[in-house]
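Contents: one structure, followed by commentary.
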Number of protein chains: 2
Amino acid sequence: MIEKLISNIKRTGAPIVVGLDPMLSLIPSSMKDTAFKEYGETLKGAGEIVWQYNKRIIDAIYDLIPAVKLQIAMYEQFGLPGLYAFQQTVDYSREKGLVVIGDVKRGDIGSTSAAYATAHLGKVQVGSKRFSVFNEDFATVNPYFGIDGIKPFLDVCKEEKKGIFVLVKTSNPSSGDFQDQVVEGKPLYEKVGEEVAKWGNCHMGHSYSYIGAVVGATYPEMGRALRSIMPKAYLLVPGYGAQGAQGKDLVPFFDKDGLGALINSSRGIIGAYQQEKYSCFGEQNFEEASRQAVVDMREDIKSVIG
Amino acid sequence: MIEKLISNIKRTGAPIVVGLDPMLSLIPSSMKDTAFKEYGETLKGAGEIVWQYNKRIIDAIYDLIPAVKLQIAMYEQFGLPGLYAFQQTVDYSREKGLVVIGDVKRGDIGSTSAAYATAHLGKVQVGSKRFSVFNEDFATVNPYFGIDGIKPFLDVCKEEKKGIFVLVKTSNPSSGDFQDQVVEGKPLYEKVGEEVAKWGNCHMGHSYSYIGAVVGATYPEMGRALRSIMPKAYLLVPGYGAQGAQGKDLVPFFDKDGLGALINSSRGIIGAYQQEKYSCFGEQNFEEASRQAVVDMREDIKSVIG
């Protein structure tokens with residue numbers, strides 16, 4: 001799947017992943033009103049709105065981008081109807097040829113991580129049958145448990161030809177509370193990065209490993225260090241746009257050939273119509289605003305990585 | 001909710017939480033066969049089996065124990081039908097007066113953690129209405145993101161009078177990979193424990209905070225240190241039984257009055273009928289084996305904490 005991701009990036013010329021993290025506050029009122037009339041102000045109504053919104057955005061931008069990332073929390077908050085919208089969105093994105101990253105940040109002791117790996121990347125056995133469950137292509141994984149918590153994901157990735165991105169240095173302001181603590185003369189995130197590089201060496205695609213890492217765009221100098229510590233890891237880079245990072249901050253995450261990093265934007269794309277810059281589209285044409293925001297993001301990145 | 005937990009513990013005399021983590025391999029074949037006949041070998045069939053199994057166990061043991069812990073991964077692996085079984089089990093356990101711990105180990109950047117906190121402990125706004133979603137009483141939370149990732153849970157806990165258990169030192173063999181790394185002259189898990197103690201001081205019940213910590217029974221000496229670093233935190237202690245810890249290992253986790261720790265057993269209770277010791281019950285009476293295993297566990301703990 002890392003090969004499909006890279007091939008999609010080359011085809012589109014856009015090392016961009018769009019975060020489909022549809023908070024209701026991002027969704028046009030008229031769309032919400034229509035769905036509430038049909039389904040009521042219910043969890044089912046919310047799930048339906050989220051799915052319809054996602055579908056219109058995917059239809060508008062799928063030819064421009066290699067991948068989408070679904071933050072499962074935004075679906076989980078609407079319970080089962082929300083998770084149904086998650087499943088519909090995963091399936092539809094895959095139909096459209098997009099690589100799907102499940103931003104689930106799961107991680108636990110071995111037997112439990114195995115169940116999460118099954119849920120998101122693998123197949124579950126029920127009697128004599130096996131079923132794909134949520135069936136993303138990649139999942140994000142939390143490293144706090146050490147290798148026991150990662151290993152079941154690696155096994156499923158090998159079997160299913162899928163991949164993971166391990167949290168190394170996250171984009172949020174307090175990520176340093178524990179991640180920046182100095183161990184063995186270096187920050188913990190570098191230690192985690194070294195381990196990810198080791199794990200990745202045994203799980204290689206052609207030029208990159210299918211064990212990647214999450215490194216926040218909000219910390220470009222740390223990104224530079226981590227790029228060199230994990231030379232074979234694809235970096236999933238959140239924090240561009242709404243969280244504050246700009247095009248110029250992204251340079252250190254890329255390799256010289258413009259590969260090696262996948263930059264995420266969520267609200268900056270899916271809620272573009274709410275920005276002054278794109279207000280001319282109007283909320284009725286929110287997906288056109290999203291398309292323009294993708295084009296602008298691609299140009300912004302091109303201008304710095306050439 | 002920490003008060004209800006403590007009151008339940010005092011009433012039952014059992015500082016025990018039963019992990020309802022129903023892998024299909026634990027469930028009697030006859031029960032599976034019956035459900036597969038009715039629902040087919042499908043995810044729906046699996047969800048139905050899990051729910052029926054849980055219900056029989058809850059009915060057999062609810063008067064003996066203060067709380068149950070649901071490992072959501074074991075439900076998530078069966079997709080939406082699995083998560084429906086999760087929801088049914090949470091609701092039924094609460095009806096029976098049990099405190100419900102959602103072992104979800106979520107954690108993310110602030111806005112995302114807010115969505116997880118809503119999903120598991122809070123209420124979500126849909127139009128003019130608000131809904132409880134999965135509605136557990138406590139959730140487990142991963143600290144890798146630092147305070148940003150914890151704060152939204154604290155806010156929801158304060159509003160809803162609920163609680164969390166933050167992962168500090170996990171029970172698995174490789175938990176030391178990162179958690180035991182030395183920072184500022186002490187292991188990282190102690191540093192995390194110090195932060196949990198600080199956060200907890202602002203979120204107190206009568207005698208304990210509603211910000212607790214997960215500390216593995218498999219590391220009793222570390223448990224002793226963490227008990228004193230977090231004097232007001234209730235400790236959720238996995239690792240007893242199937243993972244190898246025994247009654248005598250549990251002493252350091254408790255305060256002198258026998259409070260302060262809640263010991264988890266999952267497979268050791270729900271799969272008791274598969275053990276030689278309880279094989280006389282037979283698989284038809286699996287719930288009676290579970291009941292006896294709870295009684296035995298309570299006695300084992302009583303014999304060491306008096």
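Chain lettering (A, B, ...) mirrors the order of the structure tokens, residue numbering begins at 1 for each chain separately, and ligand numbering begins at 1 in order of display.
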Which neighbours of Glu159 (chain A) fall inside 12 Å, counting only C-alpha atoms, when residues of the same chain fewer than 2 positions from it are skipped, and could you give them as JSON, numbers by chain?
{"A": [1, 117, 118, 121, 122, 123, 152, 153, 154, 155, 156, 157, 161, 162, 163, 203]}
Quick check: residues of chain A within 6 Å of chain B, only C-alpha atoms, returned as number ranges by chain.
A: 41, 73-74, 76-77, 79, 109, 115-116, 118-119, 126-127, 133, 145-146, 148, 172, 174-175, 177, 182-183
Tell me which protein, DNA and RNA residues are within 7 Å of region 234-247 of chain B, counting only C-alpha atoms, leaving out same-chain ones fewer than 3 positions away, and put them as number ranges by chain.
B: 165, 171, 208, 212-218, 250, 260-265, 267-268, 300-301, 304
Could those residues be written to a file, using N, CA and C atoms, as a PDB file, in the first residue's frame?
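Dumped everything to result.pdb:
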ATOM      1  N   PHE B 165      -8.716   7.117  33.970  1.00  0.00           N
ATOM      2  CA  PHE B 165      -7.484   6.491  34.433  1.00  0.00           C
ATOM      3  C   PHE B 165      -6.437   6.715  33.347  1.00  0.00           C
ATOM      4  N   SER B 171       1.012  -3.016  31.880  1.00  0.00           N
ATOM      5  CA  SER B 171       1.331  -4.345  32.402  1.00  0.00           C
ATOM      6  C   SER B 171       2.132  -5.222  31.451  1.00  0.00           C
ATOM      7  N   TYR B 208     -10.339  10.579  47.328  1.00  0.00           N
ATOM      8  CA  TYR B 208      -9.512  10.298  46.160  1.00  0.00           C
ATOM      9  C   TYR B 208      -9.918  11.209  45.009  1.00  0.00           C
ATOM     10  N   GLY B 212      -7.492   8.973  37.983  1.00  0.00           N
ATOM     11  CA  GLY B 212      -6.726   7.838  38.450  1.00  0.00           C
ATOM     12  C   GLY B 212      -5.627   7.459  37.470  1.00  0.00           C
ATOM     13  N   ALA B 213      -5.002   6.312  37.724  1.00  0.00           N
ATOM     14  CA  ALA B 213      -3.875   5.889  36.890  1.00  0.00           C
ATOM     15  C   ALA B 213      -3.912   4.388  36.657  1.00  0.00           C
ATOM     16  N   VAL B 214      -3.448   3.982  35.486  1.00  0.00           N
ATOM     17  CA  VAL B 214      -3.279   2.555  35.191  1.00  0.00           C
ATOM     18  C   VAL B 214      -1.844   2.166  35.530  1.00  0.00           C
ATOM     19  N   VAL B 215      -1.704   1.176  36.410  1.00  0.00           N
ATOM     20  CA  VAL B 215      -0.375   0.689  36.804  1.00  0.00           C
ATOM     21  C   VAL B 215      -0.442  -0.837  36.828  1.00  0.00           C
ATOM     22  N   GLY B 216       0.410  -1.484  36.051  1.00  0.00           N
ATOM     23  CA  GLY B 216       0.328  -2.938  35.879  1.00  0.00           C
ATOM     24  C   GLY B 216       0.723  -3.726  37.121  1.00  0.00           C
ATOM     25  N   ALA B 217      -0.086  -4.730  37.459  1.00  0.00           N
ATOM     26  CA  ALA B 217       0.204  -5.621  38.590  1.00  0.00           C
ATOM     27  C   ALA B 217       1.488  -6.404  38.383  1.00  0.00           C
ATOM     28  N   THR B 218       1.925  -6.472  37.150  1.00  0.00           N
ATOM     29  CA  THR B 218       3.130  -7.235  36.821  1.00  0.00           C
ATOM     30  C   THR B 218       4.409  -6.514  37.255  1.00  0.00           C
ATOM     31  N   LEU B 250       0.005  -7.779  44.774  1.00  0.00           N
ATOM     32  CA  LEU B 250      -0.924  -6.649  44.747  1.00  0.00           C
ATOM     33  C   LEU B 250      -0.770  -5.706  45.933  1.00  0.00           C
ATOM     34  N   GLY B 260      -7.883   2.370  47.335  1.00  0.00           N
ATOM     35  CA  GLY B 260      -6.845   2.967  46.491  1.00  0.00           C
ATOM     36  C   GLY B 260      -6.469   2.159  45.273  1.00  0.00           C
ATOM     37  N   ALA B 261      -6.924   0.903  45.206  1.00  0.00           N
ATOM     38  CA  ALA B 261      -6.584   0.097  44.026  1.00  0.00           C
ATOM     39  C   ALA B 261      -7.776  -0.750  43.605  1.00  0.00           C
ATOM     40  N   LEU B 262      -7.886  -0.933  42.315  1.00  0.00           N
ATOM     41  CA  LEU B 262      -8.960  -1.733  41.733  1.00  0.00           C
ATOM     42  C   LEU B 262      -8.265  -2.725  40.802  1.00  0.00           C
ATOM     43  N   ILE B 263      -8.380  -4.006  41.148  1.00  0.00           N
ATOM     44  CA  ILE B 263      -7.614  -5.031  40.434  1.00  0.00           C
ATOM     45  C   ILE B 263      -8.473  -5.624  39.315  1.00  0.00           C
ATOM     46  N   ASN B 264      -7.938  -5.634  38.123  1.00  0.00           N
ATOM     47  CA  ASN B 264      -8.683  -6.168  36.981  1.00  0.00           C
ATOM     48  C   ASN B 264      -8.321  -7.622  36.709  1.00  0.00           C
ATOM     49  N   SER B 265      -9.340  -8.417  36.427  1.00  0.00           N
ATOM     50  CA  SER B 265      -9.100  -9.709  35.801  1.00  0.00           C
ATOM     51  C   SER B 265     -10.106  -9.875  34.672  1.00  0.00           C
ATOM     52  N   ARG B 267      -9.768 -12.497  31.289  1.00  0.00           N
ATOM     53  CA  ARG B 267      -9.881 -13.917  30.923  1.00  0.00           C
ATOM     54  C   ARG B 267      -9.984 -14.820  32.147  1.00  0.00           C
ATOM     55  N   GLY B 268      -9.276 -14.460  33.221  1.00  0.00           N
ATOM     56  CA  GLY B 268      -9.283 -15.277  34.443  1.00  0.00           C
ATOM     57  C   GLY B 268     -10.681 -15.451  35.014  1.00  0.00           C
ATOM     58  N   ASP B 300      -8.406 -14.350  47.567  1.00  0.00           N
ATOM     59  CA  ASP B 300      -6.960 -14.230  47.330  1.00  0.00           C
ATOM     60  C   ASP B 300      -6.481 -12.828  47.708  1.00  0.00           C
ATOM     61  N   ILE B 301      -7.247 -11.822  47.323  1.00  0.00           N
ATOM     62  CA  ILE B 301      -6.851 -10.442  47.630  1.00  0.00           C
ATOM     63  C   ILE B 301      -7.009 -10.171  49.121  1.00  0.00           C
ATOM     64  N   VAL B 304      -4.193 -11.177  51.391  1.00  0.00           N
ATOM     65  CA  VAL B 304      -2.942 -10.398  51.409  1.00  0.00           C
ATOM     66  C   VAL B 304      -3.127  -8.964  51.893  1.00  0.00           C
TER      67      VAL B 304
END
Helix (DSSP H, G or I) positions in region 16-253 of chain A, given as an NGL selection string:
:A and (24-26 or 29-39 or 43-61 or 73-76 or 79-95 or 110-120 or 147-160 or 173-179 or 188-201 or 220-229 or 241-243 or 247-253)
Report chain A as a CSV table (one decimal) with C-alpha atoms, in the first residue's frame in the frame of chain B, after least-squares superposition over all C-alpha atoms paired in order.
chain,number,residue,atom,x,y,z
A,1,MET,CA,-18.4,8.7,40.1
A,2,ILE,CA,-15.3,8.0,42.1
A,3,GLU,CA,-17.6,8.1,45.2
A,4,LYS,CA,-19.9,5.5,43.7
A,5,LEU,CA,-16.9,3.3,42.8
A,6,ILE,CA,-15.5,3.5,46.4
A,7,SER,CA,-19.0,2.9,47.8
A,8,ASN,CA,-19.4,-0.1,45.6
A,9,ILE,CA,-16.0,-1.5,46.6
A,10,LYS,CA,-16.8,-1.1,50.3
A,11,ARG,CA,-20.2,-2.7,49.9
A,12,THR,CA,-18.9,-5.8,48.0
A,13,GLY,CA,-15.6,-6.0,49.9
A,14,ALA,CA,-14.1,-6.7,46.6
A,15,PRO,CA,-11.6,-4.3,45.0
A,16,ILE,CA,-12.1,-6.1,41.8
A,17,VAL,CA,-13.1,-5.1,38.3
A,18,VAL,CA,-14.0,-7.8,35.8
A,19,GLY,CA,-12.8,-7.2,32.3
A,20,LEU,CA,-15.6,-8.0,29.8
A,21,ASP,CA,-13.3,-8.7,26.9
A,22,PRO,CA,-15.1,-11.5,25.1
A,23,MET,CA,-12.8,-13.0,22.5
A,24,LEU,CA,-14.8,-15.6,20.6
A,25,SER,CA,-12.3,-18.3,21.6
A,26,LEU,CA,-13.6,-17.9,25.2
A,27,ILE,CA,-17.2,-18.4,24.4
A,28,PRO,CA,-18.7,-22.0,24.5
A,29,SER,CA,-19.1,-23.6,21.2
A,30,SER,CA,-22.8,-24.6,21.8
A,31,MET,CA,-23.6,-20.9,22.4
A,32,LYS,CA,-21.8,-19.9,19.2
A,33,ASP,CA,-23.5,-22.6,17.2
A,34,THR,CA,-27.0,-21.5,18.3
A,35,ALA,CA,-26.4,-17.9,17.4
A,36,PHE,CA,-24.7,-18.7,14.1
A,37,LYS,CA,-27.8,-20.7,13.2
A,38,GLU,CA,-30.0,-17.7,13.8
A,39,TYR,CA,-27.8,-14.9,12.6
A,40,GLY,CA,-25.4,-16.7,10.3
A,41,GLU,CA,-21.6,-16.6,10.6
A,42,THR,CA,-21.6,-12.8,10.3
A,43,LEU,CA,-20.4,-9.8,12.2
A,44,LYS,CA,-24.0,-9.4,13.4
A,45,GLY,CA,-23.9,-13.0,14.7
A,46,ALA,CA,-20.6,-12.3,16.5
A,47,GLY,CA,-22.0,-9.2,18.1
A,48,GLU,CA,-25.1,-11.1,19.3
A,49,ILE,CA,-23.0,-13.9,20.8
A,50,VAL,CA,-20.8,-11.4,22.6
A,51,TRP,CA,-23.8,-9.6,24.1
A,52,GLN,CA,-25.5,-12.8,25.2
A,53,TYR,CA,-22.3,-14.1,26.8
A,54,ASN,CA,-21.7,-10.8,28.6
A,55,LYS,CA,-25.3,-10.7,29.8
A,56,ARG,CA,-25.1,-14.1,31.4
A,57,ILE,CA,-21.9,-13.3,33.1
A,58,ILE,CA,-23.1,-10.0,34.4
A,59,ASP,CA,-26.3,-11.6,35.7
A,60,ALA,CA,-24.2,-14.2,37.5
A,61,ILE,CA,-21.7,-11.8,39.2
A,62,TYR,CA,-23.1,-8.3,39.4
A,63,ASP,CA,-23.8,-8.6,43.2
A,64,LEU,CA,-20.2,-9.5,44.0
A,65,ILE,CA,-18.3,-6.8,42.2
A,66,PRO,CA,-18.2,-3.0,42.1
A,67,ALA,CA,-17.3,-2.5,38.4
A,68,VAL,CA,-16.7,-3.9,35.0
A,69,LYS,CA,-14.2,-2.8,32.4
A,70,LEU,CA,-14.9,-3.2,28.7
A,71,GLN,CA,-11.9,-3.4,26.4
A,72,ILE,CA,-13.4,-1.7,23.4
A,73,ALA,CA,-10.9,-3.3,20.9
A,74,MET,CA,-12.6,-6.6,21.5
A,75,TYR,CA,-15.8,-5.1,20.3
A,76,GLU,CA,-14.4,-2.8,17.6
A,77,GLN,CA,-12.9,-5.9,15.8
A,78,PHE,CA,-16.5,-6.9,14.9
A,79,GLY,CA,-17.3,-3.5,13.4
A,80,LEU,CA,-20.7,-1.8,14.0
A,81,PRO,CA,-22.4,-5.0,15.4
A,82,GLY,CA,-19.5,-5.4,17.8
A,83,LEU,CA,-19.8,-1.8,19.0
A,84,TYR,CA,-23.6,-2.3,19.4
A,85,ALA,CA,-22.8,-5.1,21.7
A,86,PHE,CA,-20.4,-2.7,23.6
A,87,GLN,CA,-23.2,-0.2,23.9
A,88,GLN,CA,-25.7,-2.9,25.1
A,89,THR,CA,-23.2,-4.1,27.7
A,90,VAL,CA,-22.4,-0.6,29.0
A,91,ASP,CA,-26.1,0.1,29.4
A,92,TYR,CA,-27.0,-3.2,31.0
A,93,SER,CA,-24.1,-3.0,33.4
A,94,ARG,CA,-25.1,0.5,34.6
A,95,GLU,CA,-28.7,-0.8,35.0
A,96,LYS,CA,-27.3,-3.4,37.3
A,97,GLY,CA,-25.6,-0.7,39.5
A,98,LEU,CA,-22.1,-1.5,38.2
A,99,VAL,CA,-19.5,1.3,37.6
A,100,VAL,CA,-18.5,1.0,33.9
A,101,ILE,CA,-14.9,1.6,32.8
A,102,GLY,CA,-14.5,2.1,29.1
A,103,ASP,CA,-11.0,0.7,28.4
A,104,VAL,CA,-10.6,2.8,25.3
A,105,LYS,CA,-7.0,4.2,25.8
A,106,ARG,CA,-7.9,7.2,23.6
A,107,GLY,CA,-5.7,10.3,23.4
A,108,ASP,CA,-5.0,12.9,20.8
A,109,ILE,CA,-4.5,16.6,20.2
A,110,GLY,CA,-6.9,18.9,22.1
A,111,SER,CA,-9.8,19.2,19.7
A,112,THR,CA,-9.7,15.5,18.9
A,113,SER,CA,-9.5,14.5,22.5
A,114,ALA,CA,-12.5,16.6,23.1
A,115,ALA,CA,-14.4,14.5,20.6
A,116,TYR,CA,-13.3,11.3,22.3
A,117,ALA,CA,-14.2,12.6,25.7
A,118,THR,CA,-17.7,13.5,24.3
A,119,ALA,CA,-18.0,10.0,22.8
A,120,HIS,CA,-17.2,8.1,25.9
A,121,LEU,CA,-18.1,10.3,28.9
A,122,GLY,CA,-20.0,13.3,27.7
A,123,LYS,CA,-22.9,14.5,25.6
A,124,VAL,CA,-22.8,15.5,22.0
A,125,GLN,CA,-24.7,18.4,20.6
A,126,VAL,CA,-26.9,17.7,17.5
A,127,GLY,CA,-28.8,20.8,16.5
A,128,SER,CA,-30.8,21.8,19.5
A,129,LYS,CA,-30.5,18.5,21.3
A,130,ARG,CA,-27.8,16.8,23.4
A,131,PHE,CA,-27.2,13.0,23.5
A,132,SER,CA,-25.1,10.7,25.7
A,133,VAL,CA,-23.2,8.5,23.3
A,134,PHE,CA,-21.4,5.4,24.7
A,135,ASN,CA,-21.8,6.8,28.2
A,136,GLU,CA,-19.2,5.0,30.3
A,137,ASP,CA,-18.5,6.2,33.8
A,138,PHE,CA,-14.7,6.2,33.5
A,139,ALA,CA,-12.4,6.0,30.5
A,140,THR,CA,-8.7,5.1,30.2
A,141,VAL,CA,-6.6,7.7,28.5
A,142,ASN,CA,-3.1,7.7,26.8
A,143,PRO,CA,-0.8,10.5,28.0
A,144,TYR,CA,1.6,10.6,25.0
A,145,PHE,CA,0.2,14.0,23.9
A,146,GLY,CA,0.8,15.7,27.2
A,147,ILE,CA,-1.7,17.9,29.0
A,148,ASP,CA,-3.5,19.1,25.8
A,149,GLY,CA,-4.7,15.6,25.2
A,150,ILE,CA,-5.9,15.1,28.8
A,151,LYS,CA,-7.5,18.5,29.5
A,152,PRO,CA,-10.7,17.9,27.4
A,153,PHE,CA,-11.3,14.7,29.4
A,154,LEU,CA,-10.8,16.6,32.7
A,155,ASP,CA,-13.4,19.2,31.5
A,156,VAL,CA,-16.0,16.6,30.6
A,157,CYS,CA,-15.3,14.7,33.9
A,158,LYS,CA,-15.9,17.8,35.9
A,159,GLU,CA,-19.2,18.5,34.1
A,160,GLU,CA,-20.5,15.0,34.1
A,161,LYS,CA,-19.0,13.9,37.5
A,162,LYS,CA,-17.1,11.1,35.8
A,163,GLY,CA,-13.4,10.1,35.8
A,164,ILE,CA,-10.4,8.8,33.9
A,165,PHE,CA,-7.5,6.5,34.4
A,166,VAL,CA,-4.3,7.7,32.7
A,167,LEU,CA,-1.8,5.1,31.5
A,168,VAL,CA,1.2,5.4,33.7
A,169,LYS,CA,3.0,2.0,33.8
A,170,THR,CA,1.3,-0.6,31.6
A,171,SER,CA,1.3,-4.3,32.4
A,172,ASN,CA,2.8,-5.7,29.2
A,173,PRO,CA,6.4,-7.1,28.9
A,174,SER,CA,7.7,-4.3,26.6
A,175,SER,CA,6.1,-1.4,28.6
A,176,GLY,CA,9.6,-0.5,29.6
A,177,ASP,CA,10.7,0.3,26.0
A,178,PHE,CA,9.8,3.9,26.5
A,179,GLN,CA,8.1,4.1,29.9
A,180,ASP,CA,11.2,3.1,31.8
A,181,GLN,CA,13.6,5.5,30.0
A,182,VAL,CA,15.3,7.7,32.6
A,183,VAL,CA,14.4,11.4,32.4
A,184,GLU,CA,15.5,14.0,34.9
A,185,GLY,CA,17.0,11.2,37.0
A,186,LYS,CA,13.9,9.0,37.2
A,187,PRO,CA,11.9,6.7,34.9
A,188,LEU,CA,9.4,8.4,32.6
A,189,TYR,CA,6.5,6.5,34.2
A,190,GLU,CA,7.3,8.4,37.5
A,191,LYS,CA,7.4,11.7,35.6
A,192,VAL,CA,4.0,10.8,34.1
A,193,GLY,CA,2.8,9.8,37.6
A,194,GLU,CA,3.9,13.2,39.0
A,195,GLU,CA,1.8,14.9,36.4
A,196,VAL,CA,-1.2,12.8,37.0
A,197,ALA,CA,-0.9,13.6,40.7
A,198,LYS,CA,-0.8,17.3,39.9
A,199,TRP,CA,-3.8,17.1,37.6
A,200,GLY,CA,-5.7,15.1,40.2
A,201,ASN,CA,-5.2,17.6,42.9
A,202,CYS,CA,-7.5,20.0,41.1
A,203,HIS,CA,-10.1,17.2,40.5
A,204,MET,CA,-10.8,15.8,43.9
A,205,GLY,CA,-13.7,13.7,45.2
A,206,HIS,CA,-13.9,13.3,49.0
A,207,SER,CA,-10.7,11.3,49.6
A,208,TYR,CA,-9.5,10.3,46.2
A,209,SER,CA,-9.3,12.2,42.9
A,210,TYR,CA,-11.4,11.2,39.9
A,211,ILE,CA,-8.2,11.3,37.9
A,212,GLY,CA,-6.7,7.8,38.5
A,213,ALA,CA,-3.9,5.9,36.9
A,214,VAL,CA,-3.3,2.6,35.2
A,215,VAL,CA,-0.4,0.7,36.8
A,216,GLY,CA,0.3,-2.9,35.9
A,217,ALA,CA,0.2,-5.6,38.6
A,218,THR,CA,3.1,-7.2,36.8
A,219,TYR,CA,5.4,-4.5,38.2
A,220,PRO,CA,4.8,-4.4,42.0
A,221,GLU,CA,7.9,-2.5,43.0
A,222,MET,CA,7.1,0.2,40.5
A,223,GLY,CA,3.6,0.1,41.8
A,224,ARG,CA,4.9,0.8,45.3
A,225,ALA,CA,6.8,3.9,44.1
A,226,LEU,CA,3.8,5.1,42.1
A,227,ARG,CA,1.4,4.6,45.0
A,228,SER,CA,3.4,7.1,47.0
A,229,ILE,CA,3.9,9.5,44.0
A,230,MET,CA,0.1,9.6,43.4
A,231,PRO,CA,-1.3,9.4,46.9
A,232,LYS,CA,-4.8,10.6,45.8
A,233,ALA,CA,-5.1,8.6,42.6
A,234,TYR,CA,-7.1,5.5,42.4
A,235,LEU,CA,-5.0,2.8,40.7
A,236,LEU,CA,-6.5,0.6,38.0
A,237,VAL,CA,-4.3,-2.5,38.1
A,238,PRO,CA,-4.4,-4.9,35.2
A,239,GLY,CA,-2.2,-8.0,34.9
A,240,TYR,CA,-3.6,-10.2,37.6
A,241,GLY,CA,-4.3,-13.8,36.6
A,242,ALA,CA,-3.8,-14.5,32.9
A,243,GLN,CA,-0.9,-12.0,32.6
A,244,GLY,CA,0.9,-13.6,35.6
A,245,ALA,CA,0.6,-11.4,38.7
A,246,GLN,CA,-0.7,-13.1,41.9
A,247,GLY,CA,-2.3,-11.9,45.1
A,248,LYS,CA,0.9,-11.2,47.0
A,249,ASP,CA,2.0,-8.9,44.1
A,250,LEU,CA,-0.9,-6.6,44.8
A,251,VAL,CA,0.0,-5.4,48.3
A,252,PRO,CA,2.0,-2.4,47.2
A,253,PHE,CA,-0.9,-0.9,45.1
A,254,PHE,CA,-3.2,-0.6,48.1
A,255,ASP,CA,-3.4,2.0,50.8
A,256,LYS,CA,-3.4,0.9,54.4
A,257,ASP,CA,-7.2,0.8,54.6
A,258,GLY,CA,-7.5,-1.5,51.7
A,259,LEU,CA,-8.7,1.2,49.3
A,260,GLY,CA,-6.8,3.0,46.5
A,261,ALA,CA,-6.6,0.1,44.0
A,262,LEU,CA,-8.9,-1.7,41.7
A,263,ILE,CA,-7.6,-5.0,40.4
A,264,ASN,CA,-8.7,-6.2,37.0
A,265,SER,CA,-9.1,-9.7,35.8
A,266,SER,CA,-10.5,-10.5,32.4
A,267,ARG,CA,-9.9,-13.9,30.9
A,268,GLY,CA,-9.3,-15.3,34.4
A,269,ILE,CA,-12.9,-14.6,35.2
A,270,ILE,CA,-14.9,-14.6,32.0
A,271,GLY,CA,-13.1,-17.7,30.6
A,272,ALA,CA,-12.8,-19.4,34.0
A,273,TYR,CA,-14.7,-22.5,32.9
A,274,GLN,CA,-11.8,-23.3,30.5
A,275,GLN,CA,-9.4,-23.6,33.4
A,276,GLU,CA,-8.7,-27.0,34.9
A,277,LYS,CA,-9.6,-25.7,38.3
A,278,TYR,CA,-13.2,-24.8,37.2
A,279,SER,CA,-13.7,-27.5,34.6
A,280,CYS,CA,-16.3,-29.3,36.8
A,281,PHE,CA,-18.8,-26.5,36.0
A,282,GLY,CA,-18.8,-27.5,32.4
A,283,GLU,CA,-19.2,-25.1,29.5
A,284,GLN,CA,-23.0,-25.0,29.9
A,285,ASN,CA,-22.6,-23.3,33.2
A,286,PHE,CA,-19.7,-21.0,32.3
A,287,GLU,CA,-21.2,-18.2,34.3
A,288,GLU,CA,-21.2,-20.2,37.5
A,289,ALA,CA,-17.5,-20.9,36.9
A,290,SER,CA,-17.0,-17.1,36.5
A,291,ARG,CA,-18.9,-16.5,39.8
A,292,GLN,CA,-16.7,-19.0,41.6
A,293,ALA,CA,-13.6,-17.3,40.1
A,294,VAL,CA,-14.7,-13.9,41.4
A,295,VAL,CA,-15.2,-15.4,44.9
A,296,ASP,CA,-11.7,-17.0,44.8
A,297,MET,CA,-10.1,-13.8,43.5
A,298,ARG,CA,-11.8,-11.8,46.3
A,299,GLU,CA,-10.4,-14.3,48.9
A,300,ASP,CA,-7.0,-14.2,47.3
A,301,ILE,CA,-6.8,-10.5,47.6
A,302,LYS,CA,-8.3,-10.5,51.1
A,303,SER,CA,-5.7,-12.9,52.3
A,304,VAL,CA,-2.9,-10.4,51.4
A,305,ILE,CA,-4.5,-7.0,52.2
A,306,GLY,CA,-6.4,-8.2,55.3
Would you give me, as an MDAnalysis selection string, the residues in region 19-214 of chain B that DSSP reads as strand (DSSP E)?
chainID B and resid 19 67:71 99:106 123:126 129:132 138:141 163:169 182:183 186:187 209:214
